[in-house]
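Heads up: the structure comes next, in structure tokens.
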Number of protein chains: 2
Amino acid sequence: MKIVQCVPNFSEGRDLEKIERIVEVLKNKEGFKLVSYEPDGDYNRTVVTLLGDPLKIIDAVVEFVGIVEQEVDMNTQSGEHPRMGAVDVIPFIPISEVTMEECVEYANIIAKKVNEAYNIPIFMYAEAANEKKRVKLPTIRKGEFEGMKEKIKDPKWAPDYGQPEIHPTFGVIGVGARIPLIAFNIDLMTEDTKVANNIAKAIRFTSGGFRHIQAGPVYLDTRGHVQVTMNILDYKKNPLYRILETVKMEAKRYNVDVPSCELVGLMPKGTIINSLKYYYAVEGRVWDKEITLEELTQEAIKYIGFRDFDVLKIIEANI
Amino acid sequence: MKIVQCVPNFSEGRDLEKIERIVEVLKNKEGFKLVSYEPDGDYNRTVVTLLGDPLKIIDAVVEFVGIVEQEVDMNTQSGEHPRMGAVDVIPFIPISEVTMEECVEYANIIAKKVNEAYNIPIFMYAEAANEKKRVKLPTIRKGEFEGMKEKIKDPKWAPDYGQPEIHPTFGVIGVGARIPLIAFNIDLMTEDTKVANNIAKAIRFTSGGFRHIQAGPVYLDTRGHVQVTMNILDYKKNPLYRILETVKMEAKRYNVDVPSCELVGLMPKGTIINSLKYYYAVEGRVWDKEITLEELTQEAIKYIGFRDFDVLKIIEANI
């Protein structure tokens with residue numbers, strides 16, 4: 001059975017009644033699951049996570065875009081998160097029995113349908129990009145909704161679907177395909193943000209660190225300690241254990257403990273298996289291929305140190 | 001006084017008498033010092049380190065290339081290290097009262113002289129590159145001596161100096177200018193090259209590792225174990241200790257010891273200080289700013305695990 005993850009982001013994170021009206025169309029559908037929708041008031045944005053049959057997801061998301069078109073007017077919207085449309089992005093992520101090439105196809109199918117239904121221009125990004133300079137979403141989104149009115153008229157920025165004119169209240173959408181991105185935070189038992197910042201610099205690409213890591217420091221007011229917060233853009237090339245052990249190595253020079261870590265959103269089970277294989281090998285334990293998702297969860301807590309973690313953090317447990 | 005480091009590498013590391021005949025011309029010269037020449041039998045390559053007046057170095061190295069031309073025939077040469085010429089590379093490195101721009105000029109002066117004297121084609125690389133795709137030496141060197149016969153005829157790979165035809169016994173030379181590069185090799189107590197390759201992949205940029213690391217596996221026949229051999233292109237952003245500790249972390253999964261490492265050529269004292277500060281902090285030791293170069297050498301052997309190491313490996317001890 002082909003399974004994809006689809007993570008539409010829409011530009012309303014405050015009006016909870018409106019958010020309910022919007023996500024209603026994604027609830028209790030046959031063929032896929034609404035795993036979560038996470039509104040953020042500061043960002044004024046909601047991240048929706050869908051999991052299931054790609055073609056069923058496509059039909060529902062087309063409908064969902066139509067509802068957002070009625071509910072959200074970008075001319076009066078503002079928030080901390082950059083955005084270029086009422087639905088800002090629709091990425092497809094291959095999960096099971098689906099190739100990246102197929103996800104690129106799904107992205108093109110939905111882009112065409114949405115454009116035809118609502119006359120919203122579409123930019124294809126990430127693996128679905130048709131040009132190198134459109135691979136990175138921030139490059140496309142630069143100028144945001146307000147700047148896109150002019151930008152889209154530049155022939156260099158003609159949309160991949162639709163006319164070079166934004167939808168007057170909706171803007172434009174970025175539709176893409178990409179591998180799963182892991183949002184991973186590592187706890188440091190200190191209140192000193194400088195320590196978190198120095199360690200973030202050691203591991204993140206922009207300061208010379210690992211190629212697929214974006215990282216920064218954050219102070220957790222409610223918990224009273226700092227974290228290195230990061231996105232792992234390619235968890236196969238930059239596995240969790242390697243990043244975690246490098247952070248521990250750096251923390252030693254500050255005499256700071258690294259007791260736990262957390263995952264924001266979901267991750268494929270391969271991410272955990274990847275890292276457990278390392279810790280098993282270090283201990284001389286044999287890897288058991290028959291491990292269940294529940295056992296995998298317990299081992300991840302034990303070896304990687306996840307807190308606030310349960311089996312539903314694993315994508316495959318939601319299928 | 002203007003001081004540069006110049007590090008010609010030539011493709012003979014086994015015939016010690018021949019090596020003596022070649023380096024003779026660099027000994028006891030006025031204006032610069034032959035800091036070291038390090039033949040490697042497995043690599044079949046010798047790294048020469050010169051330090052001093054750039055114009056004096058240029059004259060002597062032009063003469064040296066002429067002697068290598070007489071002594072080394074690339075048609076019968078083979079070794080573990082990739083190479084495209086009998087003298088493979090001639091990089092200039094600014095050390096004191098010299099800018100990078102001046103080093104680029106010196107590189108062009110010697111390139112022109114060598115080409116005119118011996119009809120050897122020259123490729124300019126690193127900071128001296130005339131095209132973006134020639135910045136990285138491995139891109140130029142791809143195909144090596146054997147492949148260069150055809151590659152150089154491709155208009156895209158026309159040499160920066162000379163005709164598009166290799167010197168029949170010498171090949172071609174890469175001439176460049178760059179910041180100090182640390183040639184660092186980490187010993188792994190196994191004969192399994194696959195282990196060295198997996199670890200090299202974990203740390204090197206091209207496979208997702210640290211941004212300023214080029215690394216690969218090598219088997220040392222004379223010592224009976226493998227190494228991760230690497231260039232650290234920016235030792236401030238990718239300090240030795242971080243790379244060494246990451247290699248140790250990865251080696252644990254193979255149950256392989258990492259007892260020692262070696263430095264090919266020289267390094268600025270800042271490289272050692274950088275890493276000793278880490279190990280001192282881990283042990284709770286206070287850093288002593290008044291440390292002498294001799295003491296620094298002993299501490300580097302103790303903490304970083306250098307073998308075949310002495311104070312003259314530090315650039316500052318040679319000035």
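Ligands are numbered from 1 in the order shown, chains are lettered A, B, ... in the order of the structure tokens, and residues start at 1 in each chain.
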Contact check, chain A to chain B, at most 10 Å, counting only C-alpha atoms, closest pairs as JSON lines:
```
{"residue": "A:Lys201", "atom": "CA", "partner": "B:Lys237", "partner_atom": "CA", "distance": 9.1}
{"residue": "A:Ala202", "atom": "CA", "partner": "B:Lys237", "partner_atom": "CA", "distance": 7.8}
{"residue": "A:Ile203", "atom": "CA", "partner": "B:Phe210", "partner_atom": "CA", "distance": 8.1}
{"residue": "A:Arg204", "atom": "CA", "partner": "B:Phe210", "partner_atom": "CA", "distance": 8.8}
{"residue": "A:Phe205", "atom": "CA", "partner": "B:Arg211", "partner_atom": "CA", "distance": 6.5}
{"residue": "A:Thr206", "atom": "CA", "partner": "B:Arg211", "partner_atom": "CA", "distance": 8.4}
{"residue": "A:Ser207", "atom": "CA", "partner": "B:Lys237", "partner_atom": "CA", "distance": 6.9}
{"residue": "A:Gly208", "atom": "CA", "partner": "B:Arg211", "partner_atom": "CA", "distance": 4.8}
{"residue": "A:Gly209", "atom": "CA", "partner": "B:Phe210", "partner_atom": "CA", "distance": 4.8}
{"residue": "A:Phe210", "atom": "CA", "partner": "B:Phe210", "partner_atom": "CA", "distance": 4.5}
{"residue": "A:Arg211", "atom": "CA", "partner": "B:Gly208", "partner_atom": "CA", "distance": 4.8}
{"residue": "A:His212", "atom": "CA", "partner": "B:Gly208", "partner_atom": "CA", "distance": 6.4}
{"residue": "A:Ile213", "atom": "CA", "partner": "B:Gly208", "partner_atom": "CA", "distance": 9.3}
{"residue": "A:Asp234", "atom": "CA", "partner": "B:Gly208", "partner_atom": "CA", "distance": 8.5}
{"residue": "A:Tyr235", "atom": "CA", "partner": "B:Gly208", "partner_atom": "CA", "distance": 9.9}
{"residue": "A:Lys236", "atom": "CA", "partner": "B:Gly208", "partner_atom": "CA", "distance": 9.2}
{"residue": "A:Lys237", "atom": "CA", "partner": "B:Gly208", "partner_atom": "CA", "distance": 5.5}
{"residue": "A:Asn238", "atom": "CA", "partner": "B:Gly208", "partner_atom": "CA", "distance": 6.5}
{"residue": "A:Pro239", "atom": "CA", "partner": "B:Ala202", "partner_atom": "CA", "distance": 9.5}
{"residue": "A:Tyr241", "atom": "CA", "partner": "B:Met249", "partner_atom": "CA", "distance": 9.8}
{"residue": "A:Arg242", "atom": "CA", "partner": "B:Glu250", "partner_atom": "CA", "distance": 8.0}
{"residue": "A:Ile243", "atom": "CA", "partner": "B:Thr246", "partner_atom": "CA", "distance": 9.7}
{"residue": "A:Glu245", "atom": "CA", "partner": "B:Met249", "partner_atom": "CA", "distance": 7.5}
{"residue": "A:Thr246", "atom": "CA", "partner": "B:Thr246", "partner_atom": "CA", "distance": 6.7}
{"residue": "A:Met249", "atom": "CA", "partner": "B:Glu245", "partner_atom": "CA", "distance": 7.5}
{"residue": "A:Glu250", "atom": "CA", "partner": "B:Arg242", "partner_atom": "CA", "distance": 8.0}
{"residue": "A:Ala251", "atom": "CA", "partner": "B:Val282", "partner_atom": "CA", "distance": 9.0}
{"residue": "A:Lys252", "atom": "CA", "partner": "B:Val282", "partner_atom": "CA", "distance": 5.6}
{"residue": "A:Arg253", "atom": "CA", "partner": "B:Val282", "partner_atom": "CA", "distance": 4.5}
{"residue": "A:Tyr254", "atom": "CA", "partner": "B:Ala281", "partner_atom": "CA", "distance": 7.1}
{"residue": "A:Asn255", "atom": "CA", "partner": "B:Val282", "partner_atom": "CA", "distance": 7.0}
{"residue": "A:Lys277", "atom": "CA", "partner": "B:Arg253", "partner_atom": "CA", "distance": 8.7}
{"residue": "A:Tyr278", "atom": "CA", "partner": "B:Arg253", "partner_atom": "CA", "distance": 5.9}
{"residue": "A:Tyr279", "atom": "CA", "partner": "B:Arg253", "partner_atom": "CA", "distance": 7.4}
{"residue": "A:Tyr280", "atom": "CA", "partner": "B:Arg253", "partner_atom": "CA", "distance": 8.1}
{"residue": "A:Ala281", "atom": "CA", "partner": "B:Arg253", "partner_atom": "CA", "distance": 4.9}
{"residue": "A:Val282", "atom": "CA", "partner": "B:Arg253", "partner_atom": "CA", "distance": 4.5}
{"residue": "A:Glu283", "atom": "CA", "partner": "B:Arg253", "partner_atom": "CA", "distance": 8.1}
{"residue": "A:Gly284", "atom": "CA", "partner": "B:Arg253", "partner_atom": "CA", "distance": 8.2}
```
Among segment 56-108 of chain A, which residues carry a DSSP assignment of strand (DSSP E or B), reported as a compact mmCIF listing (two decimals) with N, CA and C atoms, in the first residue's frame?
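Heads up, here's the output in states_27.txt:
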```
# COMPACT_ATOMS: atom_id res chain seq x y z
N GLY A 85 1.21 32.60 0.96
CA GLY A 85 -0.16 32.28 0.59
C GLY A 85 -0.99 31.87 1.79
N VAL A 87 -2.83 29.12 2.04
CA VAL A 87 -2.11 27.87 2.25
C VAL A 87 -0.71 28.16 1.72
N ASP A 88 0.28 28.05 2.59
CA ASP A 88 1.61 28.53 2.21
C ASP A 88 2.40 27.46 1.47
N VAL A 89 2.38 26.25 2.01
CA VAL A 89 3.10 25.15 1.36
C VAL A 89 2.31 23.85 1.46
N ILE A 90 2.52 22.99 0.49
CA ILE A 90 1.96 21.63 0.51
C ILE A 90 3.08 20.66 0.10
N PRO A 91 3.84 20.15 1.07
CA PRO A 91 4.88 19.18 0.72
C PRO A 91 4.40 17.73 0.84
N PHE A 92 4.89 16.89 -0.07
CA PHE A 92 4.65 15.45 -0.01
C PHE A 92 5.94 14.73 0.36
N ILE A 93 5.81 13.75 1.26
CA ILE A 93 6.97 13.04 1.77
C ILE A 93 6.73 11.54 1.61
N PRO A 94 7.62 10.84 0.91
CA PRO A 94 7.43 9.40 0.72
C PRO A 94 7.62 8.65 2.05
N ILE A 95 6.67 7.76 2.37
CA ILE A 95 6.78 7.00 3.62
C ILE A 95 6.90 5.51 3.35
N SER A 96 5.98 4.97 2.56
CA SER A 96 6.01 3.52 2.39
C SER A 96 5.57 3.14 0.97
```
Give the superposed chain B as a compact mmCIF listing (two decimals) with C-alpha atoms, in the first residue's frame, the fit being least squares on chain A over all ordered C-alpha pairs.
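out20.txt, written as the output of this step:
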```txt
# COMPACT_ATOMS: atom_id res chain seq x y z
CA MET B 1 -1.53 -0.19 -2.56
CA LYS B 2 0.12 3.17 -3.18
CA ILE B 3 0.79 5.08 0.04
CA VAL B 4 2.22 8.57 0.35
CA GLN B 5 2.78 10.85 3.27
CA CYS B 6 1.60 14.42 2.76
CA VAL B 7 2.58 17.08 5.30
CA PRO B 8 0.80 20.40 4.74
CA ASN B 9 1.95 23.14 7.13
CA PHE B 10 -0.42 26.04 7.82
CA SER B 11 0.27 29.35 9.51
CA GLU B 12 -1.98 29.19 12.58
CA GLY B 13 -0.77 27.55 15.77
CA ARG B 14 -2.53 29.49 18.53
CA ASP B 15 -6.29 29.69 17.98
CA LEU B 16 -7.28 26.10 18.72
CA GLU B 17 -10.91 26.52 17.67
CA LYS B 18 -9.82 27.86 14.32
CA ILE B 19 -7.35 24.99 13.96
CA GLU B 20 -10.18 22.52 14.63
CA ARG B 21 -12.34 24.15 11.96
CA ILE B 22 -9.46 23.87 9.50
CA VAL B 23 -8.47 20.24 10.07
CA GLU B 24 -12.11 19.04 10.28
CA VAL B 25 -12.13 18.49 6.51
CA LEU B 26 -9.23 16.00 6.84
CA LYS B 27 -10.84 13.83 9.52
CA ASN B 28 -12.48 10.46 8.97
CA LYS B 29 -11.96 10.41 5.25
CA GLU B 30 -11.93 7.29 3.15
CA GLY B 31 -8.58 6.27 1.67
CA PHE B 32 -6.24 8.12 4.00
CA LYS B 33 -5.63 8.84 7.64
CA LEU B 34 -5.14 12.13 9.47
CA VAL B 35 -2.19 10.90 11.50
CA SER B 36 -1.67 14.06 13.48
CA TYR B 37 -1.91 17.82 13.58
CA GLU B 38 0.53 19.60 15.83
CA PRO B 39 -0.10 23.27 16.57
CA ASP B 40 2.88 25.23 17.88
CA GLY B 41 2.06 28.49 19.61
CA ASP B 42 5.57 29.94 19.39
CA TYR B 43 5.88 29.06 15.71
CA ASN B 44 2.22 30.02 15.13
CA ARG B 45 2.10 27.10 12.74
CA THR B 46 0.47 23.68 12.56
CA VAL B 47 2.02 20.66 10.91
CA VAL B 48 -0.53 18.20 9.50
CA THR B 49 0.45 14.64 8.65
CA LEU B 50 -1.62 12.57 6.25
CA LEU B 51 -0.94 9.02 5.19
CA GLY B 52 -2.68 7.03 2.49
CA ASP B 53 -3.98 7.03 -1.10
CA PRO B 54 -2.37 9.95 -2.95
CA LEU B 55 -5.39 10.88 -5.11
CA LYS B 56 -7.76 10.85 -2.13
CA ILE B 57 -5.31 13.04 -0.23
CA ILE B 58 -5.07 15.49 -3.12
CA ASP B 59 -8.86 16.04 -3.23
CA ALA B 60 -9.09 16.61 0.51
CA VAL B 61 -6.07 18.93 0.66
CA VAL B 62 -7.49 21.10 -2.14
CA GLU B 63 -10.61 21.50 0.01
CA PHE B 64 -8.47 22.16 3.10
CA VAL B 65 -6.60 24.97 1.33
CA GLY B 66 -9.98 26.62 0.61
CA ILE B 67 -10.86 26.57 4.31
CA VAL B 68 -7.47 27.99 5.33
CA GLU B 69 -8.01 30.75 2.76
CA GLN B 70 -11.19 31.74 4.65
CA GLU B 71 -9.71 31.40 8.14
CA VAL B 72 -6.16 32.82 7.98
CA ASP B 73 -5.11 36.33 6.96
CA MET B 74 -1.34 36.56 6.57
CA ASN B 75 -1.40 40.34 6.89
CA THR B 76 -2.01 39.95 10.64
CA GLN B 77 -0.16 36.67 11.23
CA SER B 78 3.21 36.49 12.95
CA GLY B 79 5.29 33.75 14.59
CA GLU B 80 8.77 32.36 15.05
CA HIS B 81 8.66 30.15 11.97
CA PRO B 82 9.40 31.62 8.52
CA ARG B 83 6.41 31.36 6.19
CA MET B 84 5.25 32.64 2.82
CA GLY B 85 1.62 31.51 2.80
CA ALA B 86 -1.40 30.66 4.94
CA VAL B 87 -0.71 27.12 3.84
CA ASP B 88 3.06 27.43 3.65
CA VAL B 89 4.11 24.10 2.14
CA ILE B 90 2.56 20.90 0.81
CA PRO B 91 5.21 18.19 0.41
CA PHE B 92 4.57 14.63 -0.84
CA ILE B 93 6.76 11.79 0.43
CA PRO B 94 6.84 8.30 -1.08
CA ILE B 95 6.14 5.61 1.55
CA SER B 96 4.97 2.41 -0.11
CA GLU B 97 4.72 1.27 -3.76
CA VAL B 98 5.18 4.86 -4.93
CA THR B 99 8.21 6.31 -6.71
CA MET B 100 9.62 9.80 -6.27
CA GLU B 101 8.65 10.52 -9.88
CA GLU B 102 5.02 9.74 -9.03
CA CYS B 103 5.20 12.05 -6.03
CA VAL B 104 6.43 14.82 -8.36
CA GLU B 105 3.35 14.15 -10.52
CA TYR B 106 1.02 14.33 -7.50
CA ALA B 107 2.66 17.61 -6.51
CA ASN B 108 1.96 19.05 -9.95
CA ILE B 109 -1.64 17.79 -9.94
CA ILE B 110 -2.44 19.51 -6.64
CA ALA B 111 -0.52 22.65 -7.57
CA LYS B 112 -2.61 23.09 -10.72
CA LYS B 113 -5.89 22.37 -8.90
CA VAL B 114 -5.17 24.74 -6.01
CA ASN B 115 -4.07 27.52 -8.32
CA GLU B 116 -7.19 27.16 -10.49
CA ALA B 117 -9.55 26.97 -7.52
CA TYR B 118 -8.25 29.89 -5.43
CA ASN B 119 -5.87 31.87 -7.64
CA ILE B 120 -2.97 31.21 -5.25
CA PRO B 121 0.50 31.21 -6.94
CA ILE B 122 2.50 28.02 -6.45
CA PHE B 123 6.27 27.42 -6.30
CA MET B 124 7.46 23.85 -6.94
CA TYR B 125 10.37 22.83 -4.68
CA ALA B 126 12.66 19.94 -3.68
CA GLU B 127 12.39 17.02 -6.13
CA ALA B 128 9.47 18.80 -7.82
CA ALA B 129 11.51 21.96 -8.51
CA ASN B 130 11.72 23.08 -12.15
CA GLU B 131 14.93 25.04 -11.59
CA LYS B 132 18.02 24.29 -9.55
CA LYS B 133 17.72 27.44 -7.47
CA ARG B 134 14.20 26.42 -6.42
CA VAL B 135 15.26 23.07 -4.98
CA LYS B 136 15.82 24.49 -1.51
CA LEU B 137 12.69 25.82 0.13
CA PRO B 138 14.46 28.55 2.17
CA THR B 139 15.70 30.13 -1.07
CA ILE B 140 12.15 30.39 -2.38
CA ARG B 141 10.76 31.50 0.98
CA LYS B 142 13.40 34.17 1.58
CA GLY B 143 11.64 37.48 2.24
CA GLU B 144 8.59 35.55 3.52
CA PHE B 145 4.98 36.63 3.03
CA GLU B 146 5.83 40.31 3.37
CA GLY B 147 8.72 40.24 0.87
CA MET B 148 6.96 37.97 -1.61
CA LYS B 149 4.69 40.81 -2.77
CA GLU B 150 7.66 42.33 -4.60
CA LYS B 151 9.83 39.23 -5.10
CA ILE B 152 7.20 37.43 -7.16
CA LYS B 153 7.20 40.29 -9.71
CA ASP B 154 10.86 39.62 -10.51
CA PRO B 155 10.79 37.43 -13.67
CA LYS B 156 13.39 35.18 -12.00
CA TRP B 157 10.83 34.46 -9.29
CA ALA B 158 7.72 33.99 -11.45
CA PRO B 159 5.65 31.22 -9.83
CA ASP B 160 5.45 27.77 -11.42
CA TYR B 161 1.64 27.99 -11.39
CA GLY B 162 -0.36 31.22 -11.51
CA GLN B 163 0.23 34.90 -12.05
CA PRO B 164 3.17 36.87 -10.59
CA GLU B 165 1.01 38.39 -7.88
CA ILE B 166 0.47 36.98 -4.41
CA HIS B 167 -2.99 36.14 -3.10
CA PRO B 168 -3.64 39.26 -0.97
CA THR B 169 -4.48 37.44 2.29
CA PHE B 170 -3.02 33.99 1.63
CA GLY B 171 0.36 34.63 -0.03
CA VAL B 172 1.84 31.71 -1.97
CA ILE B 173 2.39 27.98 -1.42
CA GLY B 174 5.44 25.80 -1.88
CA VAL B 175 4.46 22.38 -3.26
CA GLY B 176 7.11 19.68 -3.36
CA ALA B 177 8.15 16.05 -3.31
CA ARG B 178 10.98 14.75 -1.17
CA ILE B 179 12.32 11.81 0.81
CA PRO B 180 11.20 11.67 4.44
CA LEU B 181 12.67 14.63 6.26
CA ILE B 182 13.10 14.47 9.98
CA ALA B 183 12.04 17.63 11.81
CA PHE B 184 14.07 17.30 14.98
CA ASN B 185 14.39 19.82 17.80
CA ILE B 186 16.91 19.58 20.60
CA ASP B 187 16.16 21.30 23.94
CA LEU B 188 18.85 23.43 25.56
CA MET B 189 18.33 24.39 29.18
CA THR B 190 19.11 28.06 28.75
CA GLU B 191 17.22 31.18 27.72
CA ASP B 192 20.22 32.39 25.72
CA THR B 193 19.38 32.27 22.02
CA LYS B 194 23.02 33.00 21.22
CA VAL B 195 23.98 29.59 22.59
CA ALA B 196 21.38 27.90 20.38
CA ASN B 197 22.60 29.92 17.43
CA ASN B 198 26.27 29.01 17.99
CA ILE B 199 25.39 25.33 18.28
CA ALA B 200 23.13 25.47 15.22
CA LYS B 201 26.05 26.96 13.29
CA ALA B 202 28.33 24.13 14.41
CA ILE B 203 26.04 21.45 12.99
CA ARG B 204 24.39 22.99 9.94
CA PHE B 205 25.75 22.67 6.44
CA THR B 206 25.70 26.34 5.49
CA SER B 207 28.16 27.21 8.27
CA GLY B 208 30.42 24.20 7.71
CA GLY B 209 28.54 21.51 9.64
CA PHE B 210 26.98 18.22 8.58
CA ARG B 211 26.00 17.95 4.95
CA HIS B 212 22.30 17.16 5.38
CA ILE B 213 21.44 19.44 8.29
CA GLN B 214 19.49 22.70 8.19
CA ALA B 215 19.36 24.23 11.66
CA GLY B 216 18.64 27.43 13.54
CA PRO B 217 17.96 28.74 17.02
CA VAL B 218 14.53 29.29 18.51
CA TYR B 219 13.30 30.54 21.88
CA LEU B 220 10.29 28.69 23.27
CA ASP B 221 8.34 31.29 25.20
CA THR B 222 5.87 28.80 26.66
CA ARG B 223 8.66 26.56 27.99
CA GLY B 224 11.20 29.26 28.84
CA HIS B 225 14.23 27.78 27.07
CA VAL B 226 15.84 27.65 23.66
CA GLN B 227 16.12 24.87 21.09
CA VAL B 228 18.23 24.00 18.14
CA THR B 229 15.52 23.35 15.59
CA MET B 230 16.52 21.40 12.51
CA ASN B 231 15.60 19.44 9.44
CA ILE B 232 17.59 16.30 8.80
CA LEU B 233 17.39 15.93 5.04
CA ASP B 234 19.01 12.49 4.94
CA TYR B 235 18.61 10.56 8.18
CA LYS B 236 20.68 7.65 6.94
CA LYS B 237 23.79 9.76 6.39
CA ASN B 238 23.18 12.10 9.33
CA PRO B 239 21.65 9.85 11.99
CA LEU B 240 19.87 11.39 15.00
CA TYR B 241 22.37 10.14 17.56
CA ARG B 242 25.33 11.76 15.79
CA ILE B 243 23.63 15.15 15.62
CA LEU B 244 22.34 14.87 19.21
CA GLU B 245 25.76 13.89 20.57
CA THR B 246 27.45 16.70 18.62
CA VAL B 247 24.96 19.18 20.07
CA LYS B 248 25.68 17.81 23.58
CA MET B 249 29.42 18.13 22.94
CA GLU B 250 29.02 21.78 21.90
CA ALA B 251 26.63 22.52 24.77
CA LYS B 252 29.29 21.46 27.28
CA ARG B 253 31.31 24.59 26.57
CA TYR B 254 28.35 26.70 27.69
CA ASN B 255 27.67 24.43 30.67
CA VAL B 256 24.16 23.92 29.30
CA ASP B 257 22.15 20.71 29.81
CA VAL B 258 20.54 18.87 26.90
CA PRO B 259 17.85 16.82 28.63
CA SER B 260 15.38 16.15 25.86
CA CYS B 261 14.39 16.50 22.24
CA GLU B 262 11.28 16.30 20.13
CA LEU B 263 10.14 15.10 16.77
CA VAL B 264 7.74 17.19 14.72
CA GLY B 265 5.65 14.98 12.49
CA LEU B 266 6.62 11.37 11.88
CA MET B 267 9.69 9.34 11.14
CA PRO B 268 10.29 5.89 9.69
CA LYS B 269 11.22 3.27 12.29
CA GLY B 270 14.62 2.95 10.59
CA THR B 271 15.54 6.36 12.01
CA ILE B 272 15.15 5.11 15.58
CA ILE B 273 16.76 1.74 14.96
CA ASN B 274 19.77 3.49 13.43
CA SER B 275 20.36 5.50 16.57
CA LEU B 276 19.43 2.84 19.12
CA LYS B 277 22.05 0.57 17.58
CA TYR B 278 24.65 3.22 18.45
CA TYR B 279 23.55 3.58 22.08
CA TYR B 280 23.26 -0.18 22.49
CA ALA B 281 26.79 -0.67 21.11
CA VAL B 282 28.17 2.00 23.46
CA GLU B 283 26.63 0.10 26.39
CA GLY B 284 27.72 -3.27 25.03
CA ARG B 285 24.09 -4.35 24.67
CA VAL B 286 23.11 -6.79 21.94
CA TRP B 287 20.63 -5.48 19.39
CA ASP B 288 17.34 -7.38 19.44
CA LYS B 289 15.95 -7.62 15.93
CA GLU B 290 12.52 -8.75 17.19
CA ILE B 291 11.82 -5.46 18.94
CA THR B 292 8.20 -4.29 18.57
CA LEU B 293 7.15 -0.77 17.64
CA GLU B 294 5.93 -0.20 21.21
CA GLU B 295 9.27 -1.31 22.66
CA LEU B 296 11.12 0.82 20.08
CA THR B 297 9.12 3.81 21.29
CA GLN B 298 10.10 3.20 24.93
CA GLU B 299 13.75 2.74 24.03
CA ALA B 300 13.73 5.93 21.93
CA ILE B 301 12.38 7.87 24.92
CA LYS B 302 15.00 6.32 27.19
CA TYR B 303 18.08 6.63 24.96
CA ILE B 304 17.39 9.55 22.62
CA GLY B 305 15.38 11.50 25.19
CA PHE B 306 12.23 12.23 23.20
CA ARG B 307 9.51 14.09 25.07
CA ASP B 308 5.83 14.19 24.02
CA PHE B 309 6.46 11.01 22.09
CA ASP B 310 4.40 7.91 21.40
CA VAL B 311 4.31 4.99 19.01
CA LEU B 312 2.21 6.92 16.48
CA LYS B 313 5.26 9.11 15.80
CA ILE B 314 6.57 6.12 13.87
CA ILE B 315 5.22 6.03 10.31
CA GLU B 316 4.90 2.25 10.32
CA ALA B 317 2.56 2.33 13.33
CA ASN B 318 0.05 4.33 11.29
CA ILE B 319 -0.24 2.08 8.27
```
Exercise for the section: Write out as an MDAnalysis selection string all residues of segment 36-265 of chain B that backbone DSSP assigns to alpha helix (DSSP H). Expected result: chainID B and resid 54:71 100:118 137:141 144:151 193:203 240:252
